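Structure data follow from my_file12.pdb (PDB, C-alpha atoms):
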ATOM      1  CA  MET U   1     -20.604  -7.439  -8.570
ATOM      2  CA  LEU U   2     -16.945  -6.556  -8.034
ATOM      3  CA  ASN U   3     -14.419  -8.008 -10.415
ATOM      4  CA  LYS U   4     -12.586 -10.653  -8.403
ATOM      5  CA  GLU U   5      -9.635 -10.645 -10.782
ATOM      6  CA  SER U   6      -8.315  -7.112 -11.027
ATOM      7  CA  PHE U   7      -7.456  -4.296  -8.647
ATOM      8  CA  SER U   8     -10.489  -2.185  -7.731
ATOM      9  CA  TRP U   9      -9.729   1.532  -7.865
ATOM     10  CA  GLU U  10     -13.246   2.132  -6.568
ATOM     11  CA  LEU U  11     -12.440   0.273  -3.329
ATOM     12  CA  TYR U  12      -9.005   1.890  -3.047
ATOM     13  CA  ASN U  13     -10.406   5.404  -3.490
ATOM     14  CA  ARG U  14     -12.901   4.908  -0.656
ATOM     15  CA  ALA U  15      -9.906   4.944   1.726
ATOM     16  CA  PRO U  16      -6.567   5.490  -0.059
ATOM     17  CA  ILE U  17      -4.399   3.714   2.495
ATOM     18  CA  VAL U  18      -2.140   0.811   1.528
ATOM     19  CA  GLY U  19      -1.734  -1.326   4.646
ATOM     20  CA  ILE U  20       1.702  -2.962   4.711
ATOM     21  CA  VAL U  21       1.826  -6.391   6.341
ATOM     22  CA  ARG U  22       5.254  -7.752   7.223
ATOM     23  CA  GLY U  23       5.957 -10.874   9.272
ATOM     24  CA  VAL U  24       2.376 -11.622  10.375
ATOM     25  CA  PRO U  25       1.295 -15.312  10.421
ATOM     26  CA  MET U  26      -1.735 -16.385   8.355
ATOM     27  CA  ASP U  27      -3.874 -17.484  11.321
ATOM     28  CA  VAL U  28      -3.800 -13.916  12.683
ATOM     29  CA  MET U  29      -4.054 -12.379   9.206
ATOM     30  CA  ARG U  30      -7.663 -13.513   8.753
ATOM     31  CA  ASP U  31      -8.758 -11.659  11.899
ATOM     32  CA  ILE U  32      -6.782  -8.580  10.852
ATOM     33  CA  ALA U  33      -8.405  -8.659   7.393
ATOM     34  CA  ASN U  34     -11.880  -8.908   8.949
ATOM     35  CA  ALA U  35     -11.197  -5.894  11.205
ATOM     36  CA  TYR U  36      -9.721  -4.022   8.236
ATOM     37  CA  LEU U  37     -12.775  -4.547   6.026
ATOM     38  CA  GLU U  38     -15.184  -3.897   8.876
ATOM     39  CA  THR U  39     -13.615  -0.434   9.225
ATOM     40  CA  GLY U  40     -13.928   0.341   5.510
ATOM     41  CA  LEU U  41     -10.295  -0.169   4.513
ATOM     42  CA  HIS U  42      -9.747  -2.265   1.397
ATOM     43  CA  THR U  43      -6.131  -2.276   0.192
ATOM     44  CA  ILE U  44      -3.428  -4.409   1.763
ATOM     45  CA  GLU U  45       0.054  -5.459   0.676
ATOM     46  CA  ILE U  46       1.908  -8.528   1.872
ATOM     47  CA  THR U  47       5.655  -7.971   1.716
ATOM     48  CA  MET U  48       7.547 -10.630  -0.203
ATOM     49  CA  ASN U  49      10.029 -10.982   2.688
ATOM     50  CA  THR U  50       7.207 -12.235   4.940
ATOM     51  CA  ALA U  51       7.414 -16.002   5.540
ATOM     52  CA  GLY U  52       4.826 -17.721   3.323
ATOM     53  CA  ALA U  53       4.002 -14.452   1.506
ATOM     54  CA  THR U  54       2.784 -16.033  -1.738
ATOM     55  CA  GLU U  55       0.553 -18.504   0.100
ATOM     56  CA  MET U  56      -0.888 -15.651   2.173
ATOM     57  CA  ILE U  57      -1.627 -13.589  -0.945
ATOM     58  CA  SER U  58      -3.422 -16.557  -2.537
ATOM     59  CA  LYS U  59      -5.465 -17.285   0.579
ATOM     60  CA  LEU U  60      -6.501 -13.671   1.112
ATOM     61  CA  ARG U  61      -7.489 -13.411  -2.554
ATOM     62  CA  SER U  62      -9.698 -16.493  -2.330
ATOM     63  CA  GLU U  63     -11.281 -15.628   1.030
ATOM     64  CA  PHE U  64     -11.738 -11.835   0.914
ATOM     65  CA  HIS U  65     -13.217 -10.607  -2.350
ATOM     66  CA  ASP U  66     -13.626  -6.992  -1.154
ATOM     67  CA  LEU U  67      -9.912  -6.701  -0.443
ATOM     68  CA  ASN U  68      -7.294  -5.446  -2.883
ATOM     69  CA  VAL U  69      -4.393  -7.799  -2.131
ATOM     70  CA  GLY U  70      -0.970  -6.826  -3.416
ATOM     71  CA  ALA U  71       2.675  -7.726  -2.998
ATOM     72  CA  GLY U  72       5.236  -5.390  -1.431
ATOM     73  CA  THR U  73       9.034  -5.350  -1.246
ATOM     74  CA  VAL U  74       9.157  -6.552  -4.858
ATOM     75  CA  CYS U  75      12.795  -5.906  -5.783
ATOM     76  CA  ASN U  76      13.310  -7.862  -9.014
ATOM     77  CA  MET U  77      11.578  -9.874 -11.754
ATOM     78  CA  GLU U  78      11.788 -13.083  -9.723
ATOM     79  CA  ASP U  79       9.799 -11.473  -6.890
ATOM     80  CA  TYR U  80       7.386  -9.998  -9.447
ATOM     81  CA  ASP U  81       6.698 -13.333 -11.177
ATOM     82  CA  ARG U  82       6.129 -15.108  -7.855
ATOM     83  CA  ALA U  83       3.788 -12.352  -6.656
ATOM     84  CA  VAL U  84       1.684 -12.291  -9.822
ATOM     85  CA  ALA U  85       1.499 -16.109  -9.925
ATOM     86  CA  ALA U  86       0.133 -15.994  -6.350
ATOM     87  CA  GLY U  87      -2.614 -13.590  -7.466
ATOM     88  CA  ALA U  88      -1.247 -10.195  -6.382
ATOM     89  CA  GLN U  89      -3.545  -7.454  -7.729
ATOM     90  CA  PHE U  90      -0.957  -4.688  -7.392
ATOM     91  CA  ILE U  91       2.795  -4.371  -6.909
ATOM     92  CA  VAL U  92       4.780  -2.156  -4.529
ATOM     93  CA  THR U  93       8.567  -1.794  -4.708
ATOM     94  CA  PRO U  94      10.995  -0.104  -2.292
ATOM     95  CA  ILE U  95      13.287   0.799  -5.202
ATOM     96  CA  LEU U  96      13.166   1.843  -8.831
ATOM     97  CA  ASP U  97      13.451  -1.312 -10.949
ATOM     98  CA  GLU U  98      12.615  -0.386 -14.523
ATOM     99  CA  ALA U  99      12.054  -3.974 -15.724
ATOM    100  CA  VAL U 100       9.481  -4.565 -12.978
ATOM    101  CA  ILE U 101       7.647  -1.306 -13.753
ATOM    102  CA  ARG U 102       7.564  -2.016 -17.486
ATOM    103  CA  LYS U 103       6.258  -5.574 -16.991
ATOM    104  CA  SER U 104       3.588  -4.416 -14.558
ATOM    105  CA  VAL U 105       2.401  -1.693 -16.943
ATOM    106  CA  GLU U 106       2.416  -4.171 -19.848
ATOM    107  CA  GLN U 107       0.281  -6.609 -17.832
ATOM    108  CA  ASN U 108      -2.034  -3.814 -16.661
ATOM    109  CA  ILE U 109      -1.257  -4.418 -12.981
ATOM    110  CA  PRO U 110      -1.123  -1.223 -10.866
ATOM    111  CA  ILE U 111       2.363  -0.518  -9.582
ATOM    112  CA  PHE U 112       3.609   1.842  -6.861
ATOM    113  CA  PRO U 113       7.410   1.949  -7.250
ATOM    114  CA  GLY U 114       9.617   3.403  -4.547
ATOM    115  CA  ALA U 115      11.505   6.613  -5.323
ATOM    116  CA  TYR U 116      13.282   9.264  -3.266
ATOM    117  CA  SER U 117      14.739  12.061  -5.379
ATOM    118  CA  PRO U 118      12.853  14.295  -7.853
ATOM    119  CA  THR U 119      14.696  12.563 -10.719
ATOM    120  CA  GLU U 120      13.704   9.072  -9.521
ATOM    121  CA  ILE U 121      10.123  10.193  -8.913
ATOM    122  CA  TYR U 122       9.836  11.651 -12.423
ATOM    123  CA  ARG U 123      11.443   8.550 -13.971
ATOM    124  CA  ALA U 124       9.077   6.173 -12.162
ATOM    125  CA  TRP U 125       6.058   8.203 -13.283
ATOM    126  CA  SER U 126       7.262   8.440 -16.893
ATOM    127  CA  LEU U 127       7.616   4.631 -16.990
ATOM    128  CA  GLY U 128       3.921   4.304 -16.138
ATOM    129  CA  ALA U 129       3.680   4.087 -12.344
ATOM    130  CA  SER U 130       0.088   4.243 -11.023
ATOM    131  CA  ALA U 131       1.448   6.418  -8.201
ATOM    132  CA  VAL U 132       4.997   6.887  -6.941
ATOM    133  CA  LYS U 133       5.768   5.600  -3.459
ATOM    134  CA  ILE U 134       7.884   8.274  -1.746
ATOM    135  CA  PHE U 135      10.134   6.131   0.418
ATOM    136  CA  PRO U 136      11.306   6.455   3.085
ATOM    137  CA  ALA U 137       9.044   9.425   3.784
ATOM    138  CA  THR U 138      10.185   9.385   7.436
ATOM    139  CA  GLN U 139      13.277  11.344   6.471
ATOM    140  CA  LEU U 140      11.483  13.751   4.159
ATOM    141  CA  GLY U 141       8.260  14.768   5.869
ATOM    142  CA  VAL U 142       5.288  16.852   4.809
ATOM    143  CA  GLN U 143       7.356  19.757   3.462
ATOM    144  CA  PHE U 144       9.042  17.483   0.913
ATOM    145  CA  ILE U 145       5.632  16.371  -0.426
ATOM    146  CA  LYS U 146       4.615  20.034  -0.774
ATOM    147  CA  ASP U 147       7.906  20.913  -2.474
ATOM    148  CA  ILE U 148       7.668  18.021  -4.950
ATOM    149  CA  SER U 149       3.966  18.630  -5.663
ATOM    150  CA  ALA U 150       4.642  22.187  -6.849
ATOM    151  CA  PRO U 151       6.771  21.488  -9.964
ATOM    152  CA  LEU U 152       5.636  17.861 -10.445
ATOM    153  CA  ASN U 153       1.947  18.537  -9.865
ATOM    154  CA  ASN U 154       0.738  15.862 -12.312
ATOM    155  CA  ILE U 155       2.528  13.055 -10.489
ATOM    156  CA  LYS U 156       0.551  11.041  -7.940
ATOM    157  CA  LEU U 157       2.530  10.686  -4.717
ATOM    158  CA  LEU U 158       2.108   7.942  -2.116
ATOM    159  CA  PRO U 159       4.359   8.683   0.893
ATOM    160  CA  THR U 160       5.325   5.564   2.843
ATOM    161  CA  GLY U 161       7.413   5.184   5.996
ATOM    162  CA  GLY U 162       6.738   7.327   9.040
ATOM    163  CA  VAL U 163       3.046   7.927   8.241
ATOM    164  CA  THR U 164       1.100   8.097  11.518
ATOM    165  CA  LEU U 165      -2.305   8.997  12.927
ATOM    166  CA  GLU U 166      -0.792  12.389  13.822
ATOM    167  CA  ASN U 167       0.534  13.342  10.364
ATOM    168  CA  ILE U 168      -1.628  11.454   7.853
ATOM    169  CA  ARG U 169      -4.020  14.348   7.313
ATOM    170  CA  SER U 170      -1.213  16.856   6.719
ATOM    171  CA  LEU U 171       0.273  14.561   4.037
ATOM    172  CA  PHE U 172      -3.031  14.559   2.127
ATOM    173  CA  GLU U 173      -3.268  18.332   2.568
ATOM    174  CA  ALA U 174       0.242  18.596   1.089
ATOM    175  CA  GLY U 175      -0.882  16.799  -2.081
ATOM    176  CA  ALA U 176      -0.500  13.042  -1.459
ATOM    177  CA  VAL U 177      -3.091  10.855  -3.239
ATOM    178  CA  GLY U 178      -2.597   8.001  -0.793
ATOM    179  CA  VAL U 179      -0.247   6.675   1.875
ATOM    180  CA  GLY U 180       1.448   3.426   2.769
ATOM    181  CA  MET U 181       1.305   2.467   6.454
ATOM    182  CA  GLY U 182       2.918  -0.463   8.219
ATOM    183  CA  SER U 183       3.549  -0.738  11.958
ATOM    184  CA  SER U 184       1.684   2.502  12.741
ATOM    185  CA  LEU U 185      -1.452   0.937  11.198
ATOM    186  CA  PHE U 186      -1.026  -2.693  12.245
ATOM    187  CA  ASN U 187      -0.375  -2.065  15.948
ATOM    188  CA  LYS U 188       1.850  -4.936  17.110
ATOM    189  CA  LYS U 189       0.690  -4.823  20.738
ATOM    190  CA  LEU U 190      -2.983  -5.177  19.761
ATOM    191  CA  ILE U 191      -2.138  -7.986  17.328
ATOM    192  CA  VAL U 192      -0.057  -9.908  19.904
ATOM    193  CA  GLU U 193      -2.918  -9.557  22.402
ATOM    194  CA  ARG U 194      -5.338 -10.605  19.638
ATOM    195  CA  ASN U 195      -7.386  -7.533  20.478
ATOM    196  CA  PHE U 196      -9.044  -7.253  17.069
ATOM    197  CA  GLU U 197     -11.811  -5.004  18.376
ATOM    198  CA  GLY U 198      -9.146  -2.575  19.588
ATOM    199  CA  LEU U 199      -7.409  -2.908  16.233
ATOM    200  CA  ALA U 200     -10.648  -2.069  14.387
ATOM    201  CA  ASN U 201     -11.055   1.037  16.586
ATOM    202  CA  HIS U 202      -7.461   2.014  15.783
ATOM    203  CA  PHE U 203      -8.136   1.581  12.029
ATOM    204  CA  ALA U 204     -11.300   3.694  12.355
ATOM    205  CA  LYS U 205      -9.397   6.583  13.981
ATOM    206  CA  ILE U 206      -6.877   6.626  11.144
ATOM    207  CA  LYS U 207      -9.584   6.394   8.473
ATOM    208  CA  ALA U 208     -11.457   9.295  10.118
ATOM    209  CA  GLU U 209      -8.456  11.546   9.409
ATOM    210  CA  LEU U 210      -9.182  11.150   5.671
ATOM    211  CA  LYS U 211     -12.564  12.908   5.843
ATOM    212  CA  GLY U 212     -12.749  15.420   3.029
ATOM    213  CA  PHE U 213     -10.213  13.594   0.856
TER     214      PHE U 213
END
This structure in structure tokens:
Amino acid sequence: MLNKESFSWELYNRAPIVGIVRGVPMDVMRDIANAYLETGLHTIEITMNTAGATEMISKLRSEFHDLNVGAGTVCNMEDYDRAVAAGAQFIVTPILDEAVIRKSVEQNIPIFPGAYSPTEIYRAWSLGASAVKIFPATQLGVQFIKDISAPLNNIKLLPTGGVTLENIRSLFEAGAVGVGMGSSLFNKKLIVERNFEGLANHFAKIKAELKGF
């Protein structure tokens, strides 16, 4: 039986995509989570600037035991404490906040801190990051991941921002160990139309690009 308390690396590694949910209401979130799991995706982050984020994290944790539920856009210790109290199993930050990283490592909660430059990336990793979120990857692209992976080959990179169906495979080929995906994964049109079958098909296409990784 899966441990309901802590983050499951086994589930994450089956499909190393962190789905980023921002501004989605809870009533729709259940249907999205069902489509997500049905497709074989297991790791989802609720951004702390989503209305009712902590309540959503708690509800998803209690209702979906095969889902890794984390908190994103964690910018300070106040956000961190609220997220962990709600039951977040992992933490994602858009910036490098050393206090948040240290606390997360101390409490044995996986953390993916945001970093941009080689210095920030190295600092985040040396503080104990589980993987470093390269953000915003939109501006940097696949070549940047290749360039960083050469000298910093021990650091796990998780590009986020601008990851799409078209480039996801090339990011893994360049050395990424995972990706963060928001609007390109959670297609707004399909969600507004409540076309959860279409959404599941969309998830499946993206997951198929990970074959071999």
(Q) Please expand the PyMOL selection byres ((chain U and resi 21) around 7) into the concrete residues it hits in this file, giving the result as an NGL selection string. (A) :U and (19-20 or 22-24 or 45-47 or 182)
**Q.** Nearest candidate to Gly72 (chain U) (options U:Lys133, U:Lys205, U:Lys59, U:His42; using all atoms listed in the file)
**A.**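 Selected residue with least distance to Gly72 (chain U): U:Lys133.
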Report as CSV: every residue of region 78-145 of chain U with an atom at most 12 Å from region 161-167 of chain U, its closest pair of atoms, and their distance in Å to one decimal, counting all atoms listed in the file, with rows sorted by chain and ascending residue number.
residue,atom,partner,partner_atom,distance
U:Pro94,CA,U:Gly161,CA,10.5
U:Gly114,CA,U:Gly161,CA,10.9
U:Tyr116,CA,U:Gly161,CA,11.7
U:Lys133,CA,U:Gly161,CA,9.6
U:Ile134,CA,U:Gly161,CA,8.3
U:Phe135,CA,U:Gly161,CA,6.3
U:Pro136,CA,U:Gly161,CA,5.0
U:Ala137,CA,U:Gly161,CA,5.1
U:Thr138,CA,U:Gly162,CA,4.3
U:Gln139,CA,U:Gly162,CA,8.1
U:Leu140,CA,U:Gly162,CA,9.4
U:Gly141,CA,U:Gly162,CA,8.2
U:Val142,CA,U:Asn167,CA,8.1
U:Gln143,CA,U:Asn167,CA,11.6
Q | Resolved residues for the PyMOL selection byres ((chain U and resi 90) around 10) as a VMD selection string | A | chain U and resid 6 to 8 43 to 45 68 to 72 83 to 84 87 to 89 91 to 92 104 108 to 112 130
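Residues captured in this structure file are Cys75, Thr93, Pro94, Leu96, Asp97, Pro113, Gly114 and Ala115 of chain U, according to the PyMOL selection byres ((chain U and resi 95) around 8).
Of the residues listed (U:Val177, U:Leu41, U:Met26, U:Ala200), U:Met26 shows the shortest atom-to-atom separation from Met56 (chain U); distances use all atoms listed in the file.
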Q: Calculate how many Å separate CA of Val18 (chain U) from CA of Gly180 (chain U), rounding to one decimal.
A: 4.6 Å
Q: Pick out the closest residue to Gly212 (chain U) from this set: U:Arg169, U:Ser58, U:Ser184, U:Asp66. Count all atoms listed in the file.
A: U:Arg169
Q: For Asn153 (chain U), please output as a PyMOL selection string all residues within 12 Å (counting all atoms listed in the file; exclusion window: fewer than 5 positions along the same chain).
A: chain U and resi 118+121-122+125+145-148+174-177
Q: Go ahead and compute the interatomic distance for CA of Val132 (chain U) and CA of Ser62 (chain U), in Å to one decimal.
A: 28.0 Å
Q.
Calculated over only C-alpha atoms, which of the candidates U:Val100, U:Thr39, U:Gly178, U:Thr50 has the smallest distance to Trp9 (chain U)?
A.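 Going through U:Val100, U:Thr39, U:Gly178, U:Thr50 one by one, the smallest distance to Trp9 (chain U) is for U:Gly178.
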Q) With only C-alpha atoms as the basis for distance, which of U:Leu190, U:Ser183, U:Ser170, U:Thr160 is at the shortest distance from Leu210 (chain U)? A) U:Ser170
Q | Closest of U:Ile101, U:Thr54, U:Pro16, U:Ala35 to Pro159 (chain U) - atom-to-atom distances counting only C-alpha atoms | A |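 Going through U:Ile101, U:Thr54, U:Pro16, U:Ala35 one by one, the smallest distance to Pro159 (chain U) is for U:Pro16.
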All file atoms of region 52-68 of chain U boxed axis-aligned, 4 Å per side, centre plus edges, as AutoDock Vina command-line options:
--center_x -4.4 --center_y -12.0 --center_z 0.2 --size_x 26.5 --size_y 21.1 --size_z 14.2
Q.
So the first atom is CA of Phe213 (chain U) and the second is CA of Ala15 (chain U); what is the distance between them in Å, to one decimal place?
A. 8.7 Å
Non-local contacts of Glu197 (chain U) (12 Å; only C-alpha atoms; under 3 positions in same chain excluded) as a short mmCIF file (atom, residue, chain, number, x, y, z; two decimals) with C-alpha atoms, in the frame of the given file:
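Heads up, here's the output in result.cif:
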data_model
loop_
_atom_site.label_atom_id
_atom_site.label_comp_id
_atom_site.auth_asym_id
_atom_site.auth_seq_id
_atom_site.Cartn_x
_atom_site.Cartn_y
_atom_site.Cartn_z
CA ASP U 31 -8.76 -11.66 11.90
CA ILE U 32 -6.78 -8.58 10.85
CA ASN U 34 -11.88 -8.91 8.95
CA ALA U 35 -11.20 -5.89 11.20
CA TYR U 36 -9.72 -4.02 8.24
CA GLU U 38 -15.18 -3.90 8.88
CA THR U 39 -13.62 -0.43 9.22
CA LEU U 190 -2.98 -5.18 19.76
CA ILE U 191 -2.14 -7.99 17.33
CA GLU U 193 -2.92 -9.56 22.40
CA ARG U 194 -5.34 -10.60 19.64
CA ALA U 200 -10.65 -2.07 14.39
CA ASN U 201 -11.06 1.04 16.59
CA HIS U 202 -7.46 2.01 15.78
CA PHE U 203 -8.14 1.58 12.03
CA ALA U 204 -11.30 3.69 12.36
#
(Q) So that I can see what lies close to Leu127 (chain U), please list as a list of chain:residue names the residues with an atom at most 8 Å from it, counting only C-alpha atoms and leaving out residues fewer than 2 positions away in the same chain. (A)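 Counting only C-alpha atoms, the residues come to U:Glu98, U:Ile101, U:Arg102, U:Arg123, U:Ala124, U:Trp125, U:Ala129.
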Taking N, CA and C atoms as the atom set, what does region 43-63 of chain U look like once completed, written as a PDB file, keeping the file's coordinate frame?
ATOM      1  N   THR U  43      -7.342  -2.004   0.972  1.00  0.00           N
ATOM      2  CA  THR U  43      -6.131  -2.276   0.192  1.00  0.00           C
ATOM      3  C   THR U  43      -4.981  -2.668   1.112  1.00  0.00           C
ATOM      4  N   ILE U  44      -4.430  -3.849   0.862  1.00  0.00           N
ATOM      5  CA  ILE U  44      -3.428  -4.409   1.763  1.00  0.00           C
ATOM      6  C   ILE U  44      -2.296  -5.027   0.947  1.00  0.00           C
ATOM      7  N   GLU U  45      -1.073  -4.818   1.375  1.00  0.00           N
ATOM      8  CA  GLU U  45       0.054  -5.459   0.676  1.00  0.00           C
ATOM      9  C   GLU U  45       0.770  -6.398   1.627  1.00  0.00           C
ATOM     10  N   ILE U  46       1.117  -7.569   1.113  1.00  0.00           N
ATOM     11  CA  ILE U  46       1.908  -8.528   1.872  1.00  0.00           C
ATOM     12  C   ILE U  46       3.331  -8.427   1.331  1.00  0.00           C
ATOM     13  N   THR U  47       4.279  -8.121   2.198  1.00  0.00           N
ATOM     14  CA  THR U  47       5.655  -7.971   1.716  1.00  0.00           C
ATOM     15  C   THR U  47       6.235  -9.337   1.355  1.00  0.00           C
ATOM     16  N   MET U  48       6.997  -9.365   0.287  1.00  0.00           N
ATOM     17  CA  MET U  48       7.547 -10.630  -0.203  1.00  0.00           C
ATOM     18  C   MET U  48       8.610 -11.213   0.727  1.00  0.00           C
ATOM     19  N   ASN U  49       9.077 -10.419   1.714  1.00  0.00           N
ATOM     20  CA  ASN U  49      10.029 -10.982   2.688  1.00  0.00           C
ATOM     21  C   ASN U  49       9.313 -11.450   3.956  1.00  0.00           C
ATOM     22  N   THR U  50       7.984 -11.600   3.870  1.00  0.00           N
ATOM     23  CA  THR U  50       7.207 -12.235   4.940  1.00  0.00           C
ATOM     24  C   THR U  50       7.215 -13.740   4.675  1.00  0.00           C
ATOM     25  N   ALA U  51       7.425 -14.542   5.720  1.00  0.00           N
ATOM     26  CA  ALA U  51       7.414 -16.002   5.540  1.00  0.00           C
ATOM     27  C   ALA U  51       6.055 -16.442   5.000  1.00  0.00           C
ATOM     28  N   GLY U  52       6.076 -17.228   3.915  1.00  0.00           N
ATOM     29  CA  GLY U  52       4.826 -17.721   3.323  1.00  0.00           C
ATOM     30  C   GLY U  52       4.016 -16.643   2.619  1.00  0.00           C
ATOM     31  N   ALA U  53       4.689 -15.601   2.119  1.00  0.00           N
ATOM     32  CA  ALA U  53       4.002 -14.452   1.506  1.00  0.00           C
ATOM     33  C   ALA U  53       3.090 -14.858   0.353  1.00  0.00           C
ATOM     34  N   THR U  54       3.589 -15.691  -0.549  1.00  0.00           N
ATOM     35  CA  THR U  54       2.784 -16.033  -1.738  1.00  0.00           C
ATOM     36  C   THR U  54       1.540 -16.827  -1.342  1.00  0.00           C
ATOM     37  N   GLU U  55       1.701 -17.713  -0.382  1.00  0.00           N
ATOM     38  CA  GLU U  55       0.553 -18.504   0.100  1.00  0.00           C
ATOM     39  C   GLU U  55      -0.483 -17.575   0.747  1.00  0.00           C
ATOM     40  N   MET U  56       0.005 -16.596   1.503  1.00  0.00           N
ATOM     41  CA  MET U  56      -0.888 -15.651   2.173  1.00  0.00           C
ATOM     42  C   MET U  56      -1.656 -14.810   1.152  1.00  0.00           C
ATOM     43  N   ILE U  57      -0.964 -14.370   0.113  1.00  0.00           N
ATOM     44  CA  ILE U  57      -1.627 -13.589  -0.945  1.00  0.00           C
ATOM     45  C   ILE U  57      -2.740 -14.424  -1.575  1.00  0.00           C
ATOM     46  N   SER U  58      -2.425 -15.665  -1.915  1.00  0.00           N
ATOM     47  CA  SER U  58      -3.422 -16.557  -2.537  1.00  0.00           C
ATOM     48  C   SER U  58      -4.629 -16.782  -1.633  1.00  0.00           C
ATOM     49  N   LYS U  59      -4.364 -17.015  -0.358  1.00  0.00           N
ATOM     50  CA  LYS U  59      -5.465 -17.285   0.579  1.00  0.00           C
ATOM     51  C   LYS U  59      -6.342 -16.055   0.778  1.00  0.00           C
ATOM     52  N   LEU U  60      -5.720 -14.903   0.938  1.00  0.00           N
ATOM     53  CA  LEU U  60      -6.501 -13.671   1.112  1.00  0.00           C
ATOM     54  C   LEU U  60      -7.334 -13.383  -0.128  1.00  0.00           C
ATOM     55  N   ARG U  61      -6.749 -13.622  -1.303  1.00  0.00           N
ATOM     56  CA  ARG U  61      -7.489 -13.411  -2.554  1.00  0.00           C
ATOM     57  C   ARG U  61      -8.726 -14.299  -2.623  1.00  0.00           C
ATOM     58  N   SER U  62      -8.570 -15.557  -2.205  1.00  0.00           N
ATOM     59  CA  SER U  62      -9.698 -16.493  -2.330  1.00  0.00           C
ATOM     60  C   SER U  62     -10.751 -16.289  -1.245  1.00  0.00           C
ATOM     61  N   GLU U  63     -10.336 -15.744  -0.092  1.00  0.00           N
ATOM     62  CA  GLU U  63     -11.281 -15.628   1.030  1.00  0.00           C
ATOM     63  C   GLU U  63     -11.906 -14.252   1.190  1.00  0.00           C
TER      64      GLU U  63
END
